[in-house]
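Read the structure below first, then the notes.
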Amino acid sequence: MEFDDFVLVFNTPYKINVRRENEYFIHEDPQLDMTCWGKTLEELFDSVFEEFHFLWKDIALEEDEKLDESAQKLKQILLIIAKEEKIK
């Protein structure tokens with residue numbers, strides 16, 4: 001996933017599980033406490049992209065002392081599944 005100032009590279013492919021509920025496409029990842037949705041698949045994928053950006057910037061890169069216990073566990077998971085590479 002490429003953001004403005006970095007690329008998030010997954011150590012293994014990240015699977016987006018899509019289900020349809022009424023007029024929405026939904027992806028849930030309990031491990032990351034993530035629920036994303038969109039009226040189109042494009043909106044869903046944009047939502048997943050934005051959620052990863054938020055999780056990486058606000059959790060994975062945060063100092064442990066500033067995170068509560070559940071956020072520290074989430075940070076550990078994020079750092080296992082992905083790594084950041086700077087855009088040159």
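FYI, nothing fancy with the structure tokens labels: chains A, B, ... in order, residues from 1 per chain, ligands from 1 as they appear.
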
Using DSSP on the backbone coordinates, identify all residues within chain A classified as helix (DSSP H, G or I); present the result as a PyMOL selection string. chain A and resi 30-32+41-60+64-66+69-81

Would you write out those residues with N, CA and C atoms, as an mmCIF file, in the first residue's frame?
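Once everything was written out, this is again-v4.cif:
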```cif
data_model
loop_
_atom_site.group_PDB
_atom_site.id
_atom_site.type_symbol
_atom_site.label_atom_id
_atom_site.label_comp_id
_atom_site.auth_asym_id
_atom_site.auth_seq_id
_atom_site.Cartn_x
_atom_site.Cartn_y
_atom_site.Cartn_z
ATOM 1 N N PRO A 30 -11.023 -9.217 12.785
ATOM 2 C CA PRO A 30 -11.041 -9.164 14.251
ATOM 3 C C PRO A 30 -9.642 -9.029 14.866
ATOM 4 N N GLN A 31 -8.653 -9.609 14.214
ATOM 5 C CA GLN A 31 -7.285 -9.536 14.732
ATOM 6 C C GLN A 31 -6.806 -8.089 14.828
ATOM 7 N N LEU A 32 -7.220 -7.267 13.868
ATOM 8 C CA LEU A 32 -6.823 -5.853 13.850
ATOM 9 C C LEU A 32 -7.924 -4.943 14.372
ATOM 10 N N LEU A 41 -17.163 -1.825 -4.266
ATOM 11 C CA LEU A 41 -15.901 -2.467 -3.879
ATOM 12 C C LEU A 41 -14.778 -1.436 -3.811
ATOM 13 N N GLU A 42 -14.801 -0.469 -4.709
ATOM 14 C CA GLU A 42 -13.777 0.576 -4.682
ATOM 15 C C GLU A 42 -13.835 1.355 -3.373
ATOM 16 N N GLU A 43 -15.039 1.702 -2.930
ATOM 17 C CA GLU A 43 -15.189 2.401 -1.646
ATOM 18 C C GLU A 43 -14.711 1.531 -0.492
ATOM 19 N N LEU A 44 -15.003 0.238 -0.551
ATOM 20 C CA LEU A 44 -14.531 -0.677 0.491
ATOM 21 C C LEU A 44 -13.013 -0.704 0.523
ATOM 22 N N PHE A 45 -12.379 -0.868 -0.631
ATOM 23 C CA PHE A 45 -10.919 -0.927 -0.669
ATOM 24 C C PHE A 45 -10.302 0.390 -0.211
ATOM 25 N N ASP A 46 -10.926 1.520 -0.565
ATOM 26 C CA ASP A 46 -10.455 2.816 -0.077
ATOM 27 C C ASP A 46 -10.553 2.884 1.442
ATOM 28 N N SER A 47 -11.626 2.330 1.995
ATOM 29 C CA SER A 47 -11.821 2.324 3.443
ATOM 30 C C SER A 47 -10.754 1.479 4.139
ATOM 31 N N VAL A 48 -10.449 0.319 3.569
ATOM 32 C CA VAL A 48 -9.388 -0.538 4.128
ATOM 33 C C VAL A 48 -8.053 0.195 4.066
ATOM 34 N N PHE A 49 -7.775 0.832 2.945
ATOM 35 C CA PHE A 49 -6.549 1.611 2.749
ATOM 36 C C PHE A 49 -6.431 2.701 3.809
ATOM 37 N N GLU A 50 -7.501 3.447 4.021
ATOM 38 C CA GLU A 50 -7.497 4.527 5.016
ATOM 39 C C GLU A 50 -7.329 3.985 6.434
ATOM 40 N N GLU A 51 -7.956 2.869 6.716
ATOM 41 C CA GLU A 51 -7.842 2.274 8.052
ATOM 42 C C GLU A 51 -6.419 1.817 8.327
ATOM 43 N N PHE A 52 -5.771 1.199 7.331
ATOM 44 C CA PHE A 52 -4.372 0.802 7.514
ATOM 45 C C PHE A 52 -3.484 2.018 7.714
ATOM 46 N N HIS A 53 -3.751 3.090 6.994
ATOM 47 C CA HIS A 53 -2.966 4.314 7.157
ATOM 48 C C HIS A 53 -3.096 4.821 8.594
ATOM 49 N N PHE A 54 -4.315 4.880 9.083
ATOM 50 C CA PHE A 54 -4.559 5.306 10.465
ATOM 51 C C PHE A 54 -3.857 4.386 11.461
ATOM 52 N N LEU A 55 -4.056 3.075 11.322
ATOM 53 C CA LEU A 55 -3.463 2.130 12.271
ATOM 54 C C LEU A 55 -1.940 2.233 12.272
ATOM 55 N N TRP A 56 -1.363 2.376 11.097
ATOM 56 C CA TRP A 56 0.101 2.426 11.020
ATOM 57 C C TRP A 56 0.630 3.707 11.660
ATOM 58 N N LYS A 57 0.052 4.840 11.279
ATOM 59 C CA LYS A 57 0.542 6.123 11.794
ATOM 60 C C LYS A 57 0.265 6.284 13.292
ATOM 61 N N ASP A 58 -0.923 5.894 13.741
ATOM 62 C CA ASP A 58 -1.326 6.170 15.123
ATOM 63 C C ASP A 58 -1.046 5.048 16.109
ATOM 64 N N ILE A 59 -0.792 3.846 15.627
ATOM 65 C CA ILE A 59 -0.530 2.722 16.528
ATOM 66 C C ILE A 59 0.873 2.155 16.307
ATOM 67 N N ALA A 60 1.152 1.701 15.088
ATOM 68 C CA ALA A 60 2.424 1.007 14.830
ATOM 69 C C ALA A 60 3.637 1.900 15.072
ATOM 70 N N ASP A 64 5.520 2.917 22.775
ATOM 71 C CA ASP A 64 4.757 1.980 23.608
ATOM 72 C C ASP A 64 4.183 2.645 24.855
ATOM 73 N N GLU A 65 4.927 3.548 25.445
ATOM 74 C CA GLU A 65 4.498 4.189 26.685
ATOM 75 C C GLU A 65 3.207 4.987 26.507
ATOM 76 N N LYS A 66 2.928 5.403 25.289
ATOM 77 C CA LYS A 66 1.743 6.209 25.013
ATOM 78 C C LYS A 66 0.529 5.354 24.644
ATOM 79 N N GLU A 69 -2.639 -1.205 26.894
ATOM 80 C CA GLU A 69 -2.255 -2.602 26.682
ATOM 81 C C GLU A 69 -2.823 -3.166 25.379
ATOM 82 N N SER A 70 -4.089 -2.888 25.080
ATOM 83 C CA SER A 70 -4.681 -3.432 23.852
ATOM 84 C C SER A 70 -4.047 -2.808 22.612
ATOM 85 N N ALA A 71 -3.719 -1.535 22.673
ATOM 86 C CA ALA A 71 -3.055 -0.877 21.539
ATOM 87 C C ALA A 71 -1.639 -1.413 21.349
ATOM 88 N N GLN A 72 -0.961 -1.745 22.446
ATOM 89 C CA GLN A 72 0.383 -2.330 22.331
ATOM 90 C C GLN A 72 0.318 -3.703 21.656
ATOM 91 N N LYS A 73 -0.715 -4.481 21.977
ATOM 92 C CA LYS A 73 -0.884 -5.790 21.327
ATOM 93 C C LYS A 73 -1.166 -5.610 19.845
ATOM 94 N N LEU A 74 -2.006 -4.643 19.519
ATOM 95 C CA LEU A 74 -2.310 -4.346 18.121
ATOM 96 C C LEU A 74 -1.046 -3.903 17.383
ATOM 97 N N LYS A 75 -0.240 -3.090 18.031
ATOM 98 C CA LYS A 75 1.020 -2.639 17.438
ATOM 99 C C LYS A 75 1.921 -3.831 17.121
ATOM 100 N N GLN A 76 2.013 -4.783 18.042
ATOM 101 C CA GLN A 76 2.840 -5.975 17.811
ATOM 102 C C GLN A 76 2.357 -6.745 16.587
ATOM 103 N N ILE A 77 1.040 -6.878 16.457
ATOM 104 C CA ILE A 77 0.477 -7.578 15.295
ATOM 105 C C ILE A 77 0.820 -6.830 14.014
ATOM 106 N N LEU A 78 0.620 -5.516 14.014
ATOM 107 C CA LEU A 78 0.925 -4.716 12.826
ATOM 108 C C LEU A 78 2.377 -4.850 12.412
ATOM 109 N N LEU A 79 3.277 -4.828 13.389
ATOM 110 C CA LEU A 79 4.711 -4.914 13.077
ATOM 111 C C LEU A 79 5.117 -6.301 12.597
ATOM 112 N N ILE A 80 4.313 -7.312 12.920
ATOM 113 C CA ILE A 80 4.574 -8.664 12.418
ATOM 114 C C ILE A 80 4.100 -8.811 10.981
ATOM 115 N N ILE A 81 2.939 -8.239 10.668
ATOM 116 C CA ILE A 81 2.360 -8.470 9.339
ATOM 117 C C ILE A 81 2.871 -7.518 8.265
#
```

Using only C-alpha atoms, find the one residue out of A:Lys86, A:Thr40, A:Glu63, A:Phe3 that sits nearest to Glu21 in chain A. A:Thr40

Surrounding residues of Glu84 in chain A excluding itself and chain neighbours under 4 positions, 8 Å, only C-alpha atoms, as a list in words: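 Within the cut-off, the hits are Phe6, Val7, Leu8 and Val9 of chain A.
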
Please extract the residues of chain A with a backbone DSSP assignment of strand (DSSP E) and present them as a PyMOL selection string. chain A and resi 6-10+19-21+24-29+34-38+82-86

My list of candidates is A:Val18, A:Cys36, A:Met1, A:Ile26. Which is closest to Glu85 in chain A when distances are computed with only C-alpha atoms?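 Result for the nearest residue to Glu85 in chain A: A:Met1.
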